[in-house]
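**Q** The file below is entry-v6.cif, mmCIF, C-alpha atoms and all ligand atoms:
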data_query
#
loop_
_atom_site.label_atom_id
_atom_site.label_comp_id
_atom_site.auth_asym_id
_atom_site.auth_seq_id
_atom_site.Cartn_x
_atom_site.Cartn_y
_atom_site.Cartn_z
CA THR A 219 196.64 -10.36 30.97
CA SER A 220 197.22 -9.48 27.34
CA PRO A 221 197.69 -12.33 24.85
CA ASP A 222 201.12 -13.27 23.52
CA PRO A 223 202.38 -11.03 20.71
CA VAL A 224 202.00 -12.48 17.21
CA PRO A 225 204.83 -11.56 14.79
CA GLY A 226 203.63 -8.89 12.38
CA TYR A 227 200.22 -8.43 14.00
CA THR A 228 200.45 -4.66 14.46
CA HIS A 229 196.93 -3.89 15.68
CA ASP A 230 198.23 -2.06 18.75
CA ASP A 231 201.34 -0.60 17.13
CA PRO A 232 201.45 3.15 17.90
CA GLY A 233 202.76 3.73 14.36
CA LEU A 234 199.67 2.25 12.71
CA ALA A 235 198.34 4.70 10.09
CA PRO A 236 194.77 5.93 10.57
CA SER A 237 192.19 4.53 8.15
CA PRO A 238 190.84 6.73 5.33
CA VAL A 239 187.48 5.22 6.31
CA THR A 240 185.71 7.38 8.90
CA ALA A 241 183.80 6.22 11.96
CA ALA A 242 180.68 7.62 10.25
CA ASP A 243 181.33 5.45 7.15
CA LEU A 244 181.71 2.47 9.47
CA ASP A 245 178.40 3.23 11.20
CA LEU A 246 176.60 3.28 7.85
CA LEU A 247 178.20 0.01 6.76
CA LYS A 248 177.18 -1.55 10.07
CA ALA A 249 173.63 -0.40 9.35
CA SER A 250 173.84 -1.92 5.84
CA VAL A 251 174.75 -5.35 7.22
CA LEU A 252 172.24 -4.99 10.10
CA PHE A 253 175.03 -5.20 12.68
CA GLY A 254 173.94 -4.07 16.12
CA PRO A 255 174.53 -4.53 19.87
CA ALA A 256 172.95 -8.00 19.83
CA ASP A 257 175.55 -9.06 17.27
CA GLU A 258 178.34 -7.68 19.45
CA GLN A 259 177.03 -9.79 22.30
CA ALA A 260 176.73 -12.87 20.10
CA LEU A 261 180.32 -12.35 18.91
CA ARG A 262 181.58 -12.20 22.50
CA LEU A 263 179.97 -15.60 23.07
CA ALA A 264 181.39 -16.86 19.76
CA GLY A 265 184.84 -15.76 20.94
CA GLU A 266 184.48 -17.94 24.02
CA VAL A 267 183.20 -20.89 22.02
CA LEU A 268 185.88 -20.62 19.33
CA SER A 269 188.84 -19.89 21.62
CA GLY A 270 189.55 -23.56 22.32
CA GLN A 271 189.08 -24.59 18.67
CA ILE A 272 191.18 -22.08 16.72
CA ASP A 273 193.68 -24.64 15.44
CA GLN A 274 190.90 -26.90 14.17
CA VAL A 275 189.18 -23.95 12.42
CA LEU A 276 192.48 -23.04 10.77
CA ASP A 277 193.07 -26.65 9.74
CA VAL A 278 189.77 -26.49 7.85
CA TRP A 279 190.53 -23.12 6.21
CA TYR A 280 194.10 -24.03 5.32
CA GLY A 281 192.86 -27.38 4.00
CA PHE A 282 190.46 -25.47 1.78
CA VAL A 283 193.14 -23.10 0.49
CA GLY A 284 195.66 -25.91 0.11
CA SER A 285 193.31 -28.01 -1.99
CA HIS A 286 192.71 -25.18 -4.48
CA PRO A 287 195.81 -24.41 -6.57
CA HIS A 288 194.35 -21.05 -7.64
CA LEU A 289 194.22 -20.02 -3.94
CA VAL A 290 197.46 -21.53 -2.60
CA ALA A 291 199.14 -19.63 -5.46
CA TYR A 292 198.91 -16.48 -3.32
CA PHE A 293 201.02 -18.15 -0.63
CA SER A 294 203.52 -19.35 -3.23
CA THR A 295 206.48 -18.10 -5.22
CA PRO A 296 205.62 -16.73 -8.67
CA ASP A 297 206.61 -20.12 -10.14
CA GLY A 298 204.12 -21.89 -7.87
CA THR A 299 206.09 -23.32 -4.92
CA PRO A 300 204.18 -22.90 -1.62
CA ILE A 301 206.19 -20.99 1.00
CA ASP A 302 205.81 -22.88 4.30
CA ASP A 303 207.19 -20.12 6.49
CA TYR A 304 204.78 -17.59 4.94
CA LEU A 305 201.81 -19.95 5.41
CA ALA A 306 202.75 -20.53 9.04
CA ARG A 307 203.32 -16.88 9.93
CA VAL A 308 200.04 -15.78 8.35
CA ARG A 309 198.26 -18.62 10.13
CA ALA A 310 199.31 -17.22 13.51
CA ARG A 311 197.91 -13.80 12.58
CA PHE A 312 194.75 -15.39 11.24
CA ALA A 313 194.29 -17.08 14.64
CA ARG A 314 194.52 -13.74 16.42
CA TRP A 315 192.14 -12.18 13.89
CA ILE A 316 189.42 -14.74 14.69
CA ILE A 317 189.55 -13.80 18.36
CA ASP A 318 189.80 -10.07 17.63
CA THR A 319 186.79 -10.22 15.30
CA CYS A 320 184.82 -11.62 18.23
CA THR A 321 186.21 -9.57 21.09
CA ARG A 322 187.60 -6.19 19.99
CA PRO A 323 185.56 -3.00 19.94
CA TYR A 324 185.14 -1.85 16.32
CA ASP A 325 186.71 1.54 17.05
CA GLU A 326 189.13 3.78 15.12
CA ARG A 327 192.14 1.60 15.93
CA TRP A 328 190.28 -1.47 14.72
CA LEU A 329 189.36 0.48 11.60
CA ALA A 330 193.02 1.37 11.09
CA TYR A 331 194.02 -2.29 11.33
CA GLN A 332 191.31 -3.23 8.83
CA GLN A 333 192.99 -0.91 6.36
CA GLU A 334 196.34 -2.52 7.13
CA ILE A 335 194.89 -6.01 6.52
CA ALA A 336 193.38 -4.76 3.25
CA LEU A 337 196.74 -3.38 2.11
CA ARG A 338 198.46 -6.65 3.04
CA HIS A 339 196.27 -8.40 0.46
CA THR A 340 197.33 -5.91 -2.22
CA GLU A 341 200.42 -4.63 -4.02
CA PRO A 342 201.44 -1.90 -1.52
CA LYS A 343 201.94 -4.27 1.43
CA LYS A 344 201.55 -7.94 0.45
CA ASN A 345 204.63 -10.03 1.44
CA GLN A 346 206.29 -7.20 3.39
CA THR A 347 205.44 -8.38 6.91
CA ASP A 348 206.96 -11.82 6.34
CA HIS A 349 209.58 -10.87 3.72
CA ALA A 350 207.90 -13.47 1.53
CA ASP A 351 208.99 -14.04 -2.05
CA SER A 352 205.38 -14.46 -3.21
CA VAL A 353 203.11 -12.96 -5.85
CA SER A 354 202.29 -9.33 -5.18
CA HIS A 355 198.50 -9.05 -5.19
CA ILE A 356 195.32 -11.02 -4.41
CA PRO A 357 192.42 -10.18 -6.75
CA LEU A 358 189.40 -8.66 -5.03
CA ARG A 359 187.04 -11.24 -6.51
CA HIS A 360 188.69 -14.00 -4.49
CA ILE A 361 188.43 -11.97 -1.28
CA ILE A 362 184.70 -11.48 -1.82
CA ALA A 363 184.11 -15.11 -2.78
CA PHE A 364 185.97 -16.24 0.36
CA ILE A 365 183.20 -14.80 2.54
CA TYR A 366 181.24 -17.97 1.87
CA PRO A 367 183.73 -20.64 3.02
CA ILE A 368 184.89 -18.50 5.96
CA THR A 369 181.27 -18.30 7.07
CA ALA A 370 179.86 -21.72 6.21
CA THR A 371 182.72 -23.63 7.79
CA ILE A 372 182.47 -21.82 11.15
CA LYS A 373 179.00 -23.15 11.97
CA PRO A 374 179.94 -26.59 13.35
CA PHE A 375 182.56 -24.94 15.57
CA LEU A 376 179.98 -22.48 16.92
CA ALA A 377 177.64 -25.39 17.57
CA ALA A 378 180.28 -27.37 19.48
CA GLY A 379 179.96 -25.27 22.64
CA GLY A 380 176.69 -26.86 23.70
CA HIS A 381 174.51 -23.74 23.21
CA ASP A 382 170.93 -23.98 22.02
CA ASP A 383 169.99 -23.58 18.35
CA GLU A 384 168.87 -19.99 18.77
CA GLN A 385 172.19 -18.95 20.35
CA VAL A 386 174.20 -20.83 17.73
CA ASP A 387 172.24 -19.10 14.98
CA ALA A 388 172.77 -15.69 16.62
CA MET A 389 176.53 -16.34 16.73
CA PHE A 390 176.50 -17.54 13.14
CA GLN A 391 174.60 -14.49 11.85
CA ALA A 392 176.87 -12.14 13.79
CA TRP A 393 179.98 -13.85 12.38
CA PHE A 394 178.58 -13.62 8.82
CA LYS A 395 177.88 -9.90 9.30
CA ALA A 396 181.31 -9.25 10.82
CA VAL A 397 183.12 -10.95 7.94
CA THR A 398 180.98 -9.19 5.31
CA LEU A 399 181.59 -5.87 7.06
CA GLN A 400 185.34 -6.43 7.05
CA VAL A 401 185.46 -7.42 3.40
CA ALA A 402 183.47 -4.27 2.57
CA LEU A 403 186.16 -2.28 4.42
CA TRP A 404 188.98 -4.23 2.75
CA SER A 405 187.59 -3.31 -0.68
CA GLN A 406 188.59 0.32 -0.05
CA PRO A 407 192.15 0.19 -1.43
CA TYR A 408 190.97 -1.93 -4.35
CA ALA A 409 188.17 0.44 -5.31
CA GLY A 410 189.91 3.75 -4.63
CA ARG A 411 187.64 6.63 -5.61
CA GLY A 412 184.93 4.13 -6.57
CA TRP A 413 184.67 2.97 -2.96
C1 LIG B 501 196.43 -12.43 5.28
C2 LIG B 501 191.77 -12.95 6.42
C3 LIG B 501 190.80 -13.75 1.76
C4 LIG B 501 195.45 -14.78 1.17
C5 LIG B 501 195.26 -12.46 5.99
C6 LIG B 501 195.12 -12.15 7.39
C7 LIG B 501 193.81 -12.31 7.69
C8 LIG B 501 193.11 -12.71 6.51
C9 LIG B 501 193.16 -12.10 9.05
C10 LIG B 501 196.25 -11.73 8.32
C11 LIG B 501 196.26 -10.22 8.40
C12 LIG B 501 197.43 -9.72 9.21
O1 LIG B 501 198.54 -9.61 8.66
O2 LIG B 501 197.24 -9.44 10.41
C13 LIG B 501 191.08 -13.14 5.23
C14 LIG B 501 189.64 -13.15 5.09
C15 LIG B 501 189.36 -13.32 3.77
C16 LIG B 501 190.64 -13.47 3.09
C17 LIG B 501 188.66 -12.98 6.25
C18 LIG B 501 188.03 -13.34 3.05
C19 LIG B 501 186.84 -13.36 3.62
C20 LIG B 501 191.97 -14.23 1.22
C21 LIG B 501 192.08 -14.90 -0.06
C22 LIG B 501 193.39 -15.21 -0.21
C23 LIG B 501 194.10 -14.70 0.96
C24 LIG B 501 190.95 -15.23 -1.03
C25 LIG B 501 194.01 -15.94 -1.37
C26 LIG B 501 194.43 -17.15 -1.22
C27 LIG B 501 196.13 -14.14 2.17
C28 LIG B 501 197.57 -13.95 2.20
C29 LIG B 501 197.84 -13.24 3.37
C30 LIG B 501 196.57 -13.02 4.05
C31 LIG B 501 198.58 -14.42 1.16
C32 LIG B 501 199.20 -12.72 3.84
C33 LIG B 501 199.34 -11.29 3.34
C34 LIG B 501 200.70 -10.68 3.71
O3 LIG B 501 201.64 -10.83 2.91
O4 LIG B 501 200.80 -10.06 4.77
N1 LIG B 501 194.03 -12.80 5.49
N2 LIG B 501 191.64 -13.33 4.00
N3 LIG B 501 193.19 -14.11 1.80
N4 LIG B 501 195.58 -13.57 3.28
FE1 LIG B 501 193.62 -13.35 3.61
#
In structure tokens, write the structure found in this file.
Ligand code: HEM

**A**
Amino acid sequence: TSPDPVPGYTHDDPGLAPSPVTAADLDLLKASVLFGPADEQALRLAGEVLSGQIDQVLDVWYGFVGSHPHLVAYFSTPDGTPIDDYLARVRARFARWIIDTCTRPYDERWLAYQQEIALRHTEPKKNQTDHADSVSHIPLRHIIAFIYPITATIKPFLAAGGHDDEQVDAMFQAWFKAVTLQVALWSQPYAGRGW
């Protein structure tokens, strides 16, 4: 059975534009972050462990964003009022993204959705999905810096499934690689020809 649709989560939309990033580029980036079949396996396990804890993970991440005015600004109107509906709709897509990061094959369709996510952080597509009256662009430096909290905060959730230390570490390393890999892909529209 396929999971419930999430508004605006267009991963399987037939109209999704192909990524300018090729499968060969992806293979080289995977090699750069040392991502291999063992990581895929560890992510599948992470998906099982995290599936019952998604709301708690998102509470931590949203708490982090919410407690930093310079971050919540990107979910706010230009004059600084947080937009609850925007926060909530993105949260639902974020939830699906956690599971997809753990369970989807990293194929051409996945690559295409990575490009879509990248564009949604930038001028061409930010705010469109939710018709949000928010600021139009998230600076790349914040996306890169966010790798750390998104990674560090996942560890206790990975450990909560009762697996041994070695398995928890394998899941943690795989998650770190997967997030780094995605942020490398998301830098494409920011960097343009410099990518
Ligand atoms: C959207 C992940 C960094 C603000 C999203 C989505 C995901 C995501 C999965 C939903 C994509 C979709 O529409 O399906 C991440 C990850 C990051 C990161 C993994 C870094 C490792 C940031 C930072 C900010 C931010 C630093 C700034 C506060 C937003 C906003 C949206 C969004 C405002 C909604 C964009 C829209 O209008 O569609 N992010 N994000 N993200 N993220 Fe990020």

**Q** Would you write out, as JSON lines, a table of all residues in chain A that have an atom no more than 7 Å from an atom of ligand LIG 501 (chain B), listing for each the closest atom pair and the distance in Å to one decimal, considering only C-alpha atoms and all ligand atoms and ordering rows by chain and rising residue number?

**A**
{"residue": "A:Gly226", "atom": "CA", "partner": "B:LIG501", "partner_atom": "O1", "distance": 6.3}
{"residue": "A:Tyr227", "atom": "CA", "partner": "B:LIG501", "partner_atom": "O2", "distance": 4.8}
{"residue": "A:Val283", "atom": "CA", "partner": "B:LIG501", "partner_atom": "C26", "distance": 6.3}
{"residue": "A:Leu289", "atom": "CA", "partner": "B:LIG501", "partner_atom": "C26", "distance": 4.0}
{"residue": "A:Val290", "atom": "CA", "partner": "B:LIG501", "partner_atom": "C26", "distance": 5.5}
{"residue": "A:Ala291", "atom": "CA", "partner": "B:LIG501", "partner_atom": "C26", "distance": 6.8}
{"residue": "A:Tyr292", "atom": "CA", "partner": "B:LIG501", "partner_atom": "C31", "distance": 4.9}
{"residue": "A:Phe293", "atom": "CA", "partner": "B:LIG501", "partner_atom": "C31", "distance": 4.8}
{"residue": "A:Val308", "atom": "CA", "partner": "B:LIG501", "partner_atom": "C32", "distance": 5.5}
{"residue": "A:Arg311", "atom": "CA", "partner": "B:LIG501", "partner_atom": "O2", "distance": 4.9}
{"residue": "A:Phe312", "atom": "CA", "partner": "B:LIG501", "partner_atom": "C9", "distance": 4.3}
{"residue": "A:Trp315", "atom": "CA", "partner": "B:LIG501", "partner_atom": "C9", "distance": 4.9}
{"residue": "A:Ile335", "atom": "CA", "partner": "B:LIG501", "partner_atom": "C11", "distance": 4.8}
{"residue": "A:Arg338", "atom": "CA", "partner": "B:LIG501", "partner_atom": "O4", "distance": 4.5}
{"residue": "A:His339", "atom": "CA", "partner": "B:LIG501", "partner_atom": "C33", "distance": 5.1}
{"residue": "A:Lys343", "atom": "CA", "partner": "B:LIG501", "partner_atom": "O3", "distance": 6.7}
{"residue": "A:Lys344", "atom": "CA", "partner": "B:LIG501", "partner_atom": "O3", "distance": 3.8}
{"residue": "A:Asn345", "atom": "CA", "partner": "B:LIG501", "partner_atom": "O3", "distance": 3.4}
{"residue": "A:Gln346", "atom": "CA", "partner": "B:LIG501", "partner_atom": "O3", "distance": 5.9}
{"residue": "A:Thr347", "atom": "CA", "partner": "B:LIG501", "partner_atom": "O4", "distance": 5.4}
{"residue": "A:Asp348", "atom": "CA", "partner": "B:LIG501", "partner_atom": "O3", "distance": 6.4}
{"residue": "A:Ala350", "atom": "CA", "partner": "B:LIG501", "partner_atom": "O3", "distance": 6.9}
{"residue": "A:Ile356", "atom": "CA", "partner": "B:LIG501", "partner_atom": "C25", "distance": 5.9}
{"residue": "A:His360", "atom": "CA", "partner": "B:LIG501", "partner_atom": "C24", "distance": 4.3}
{"residue": "A:Ile361", "atom": "CA", "partner": "B:LIG501", "partner_atom": "C24", "distance": 4.1}
{"residue": "A:Ile362", "atom": "CA", "partner": "B:LIG501", "partner_atom": "C19", "distance": 6.1}
{"residue": "A:Phe364", "atom": "CA", "partner": "B:LIG501", "partner_atom": "C19", "distance": 4.4}
{"residue": "A:Ile365", "atom": "CA", "partner": "B:LIG501", "partner_atom": "C19", "distance": 4.1}
{"residue": "A:Ile368", "atom": "CA", "partner": "B:LIG501", "partner_atom": "C19", "distance": 6.0}
{"residue": "A:Val397", "atom": "CA", "partner": "B:LIG501", "partner_atom": "C17", "distance": 6.1}
{"residue": "A:Val401", "atom": "CA", "partner": "B:LIG501", "partner_atom": "C19", "distance": 6.1}

**Q** Using only C-alpha atoms, find the one residue out of A:Trp404, A:Tyr324, A:Tyr331, A:Phe375 that sits nearest to A:Pro357.

**A**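 Under the stated criterion, the closest residue is A:Trp404.
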
**Q** Could you check the closest approach to A:Ala256 for each of A:Leu403, A:Gln391, A:Gly233, A:Thr295 and tell me which residue wins, using all atoms listed in the file?

**A** A:Gln391

**Q** Report as a Markdown table: every residue of stretch 235-265 of chain A with an atom at most 8 Å from stretch 383-389 of chain A, its closest pair of atoms, and their distance in Å to one decimal, counting all atoms listed in the file, with rows sorted by chain and ascending residue number.

**A**
| residue | atom | partner | partner_atom | distance |
| --- | --- | --- | --- | --- |
| A:Asp257 | CA | A:Ala388 | CA | 7.2 |
| A:Ala260 | CA | A:Met389 | CA | 4.8 |
| A:Leu261 | CA | A:Met389 | CA | 5.9 |
| A:Leu263 | CA | A:Met389 | CA | 7.3 |
| A:Ala264 | CA | A:Met389 | CA | 5.8 |

**Q** Considering only C-alpha atoms, return as a short mmCIF file (atom, residue, chain, number, x, y, z; two decimals) with C-alpha atoms, in the coordinates of the input whatever protein or nucleic-acid residues lie within 8 Å of A:Gln406, sequence-local ones (same chain, fewer than 5 positions apart) excluded.

**A**
data_model
loop_
_atom_site.label_atom_id
_atom_site.label_comp_id
_atom_site.auth_asym_id
_atom_site.auth_seq_id
_atom_site.Cartn_x
_atom_site.Cartn_y
_atom_site.Cartn_z
CA GLN A 333 192.99 -0.91 6.36
CA ALA A 336 193.38 -4.76 3.25
CA TRP A 413 184.67 2.97 -2.96
#

**Q** Distance atom CA of A:Tyr280-atom CA of A:Thr321, one decimal place?

**A**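 Computed distance, atom CA of A:Tyr280 to atom CA of A:Thr321, equals 22.8 Å.
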
**Q** Provide the atom CA of A:Leu337 to atom CA of A:Thr299 distance in Å, to one decimal place.

**A** 23.1 Å

**Q** What separation in Å, quoted to one decimal, exists between atom CA of A:Gln332 and atom CA of A:His286?

**A**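 Going from atom CA of A:Gln332 over to atom CA of A:His286, I get 25.7 Å.
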
**Q** Check the smallest atom-to-atom distance from each of A:Arg359, A:Lys395, A:Arg314, A:Lys248 to A:Pro223 using all atoms listed in the file, then report the winner.

**A** A:Arg314

**Q** Which centre and which edge lengths, in Å to one decimal, describe the axis-aligned box that holds all listed atoms of stretch 293-300 of chain A after 4 Å is added on each side, as JSON?

**A**
{"center_x": 203.8, "center_y": -20.0, "center_z": -5.4, "size_x": 13.6, "size_y": 14.6, "size_z": 17.5}

**Q** Go through A:Ala249, A:Glu258, A:Glu266, A:Thr240 and flag the residue nearest A:Ala378, using all atoms listed in the file for the distances.

**A**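 Among A:Ala249, A:Glu258, A:Glu266, A:Thr240, it is A:Glu266 that comes nearest to A:Ala378.
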
**Q** List every protein, DNA or RNA residue that has an atom no more than 8 Å from (183.0, -21.7, 18.5) in the file's coordinate frame, counting all atoms listed in the file, and report them as number ranges by chain.

**A** A: 264-271, 372-379
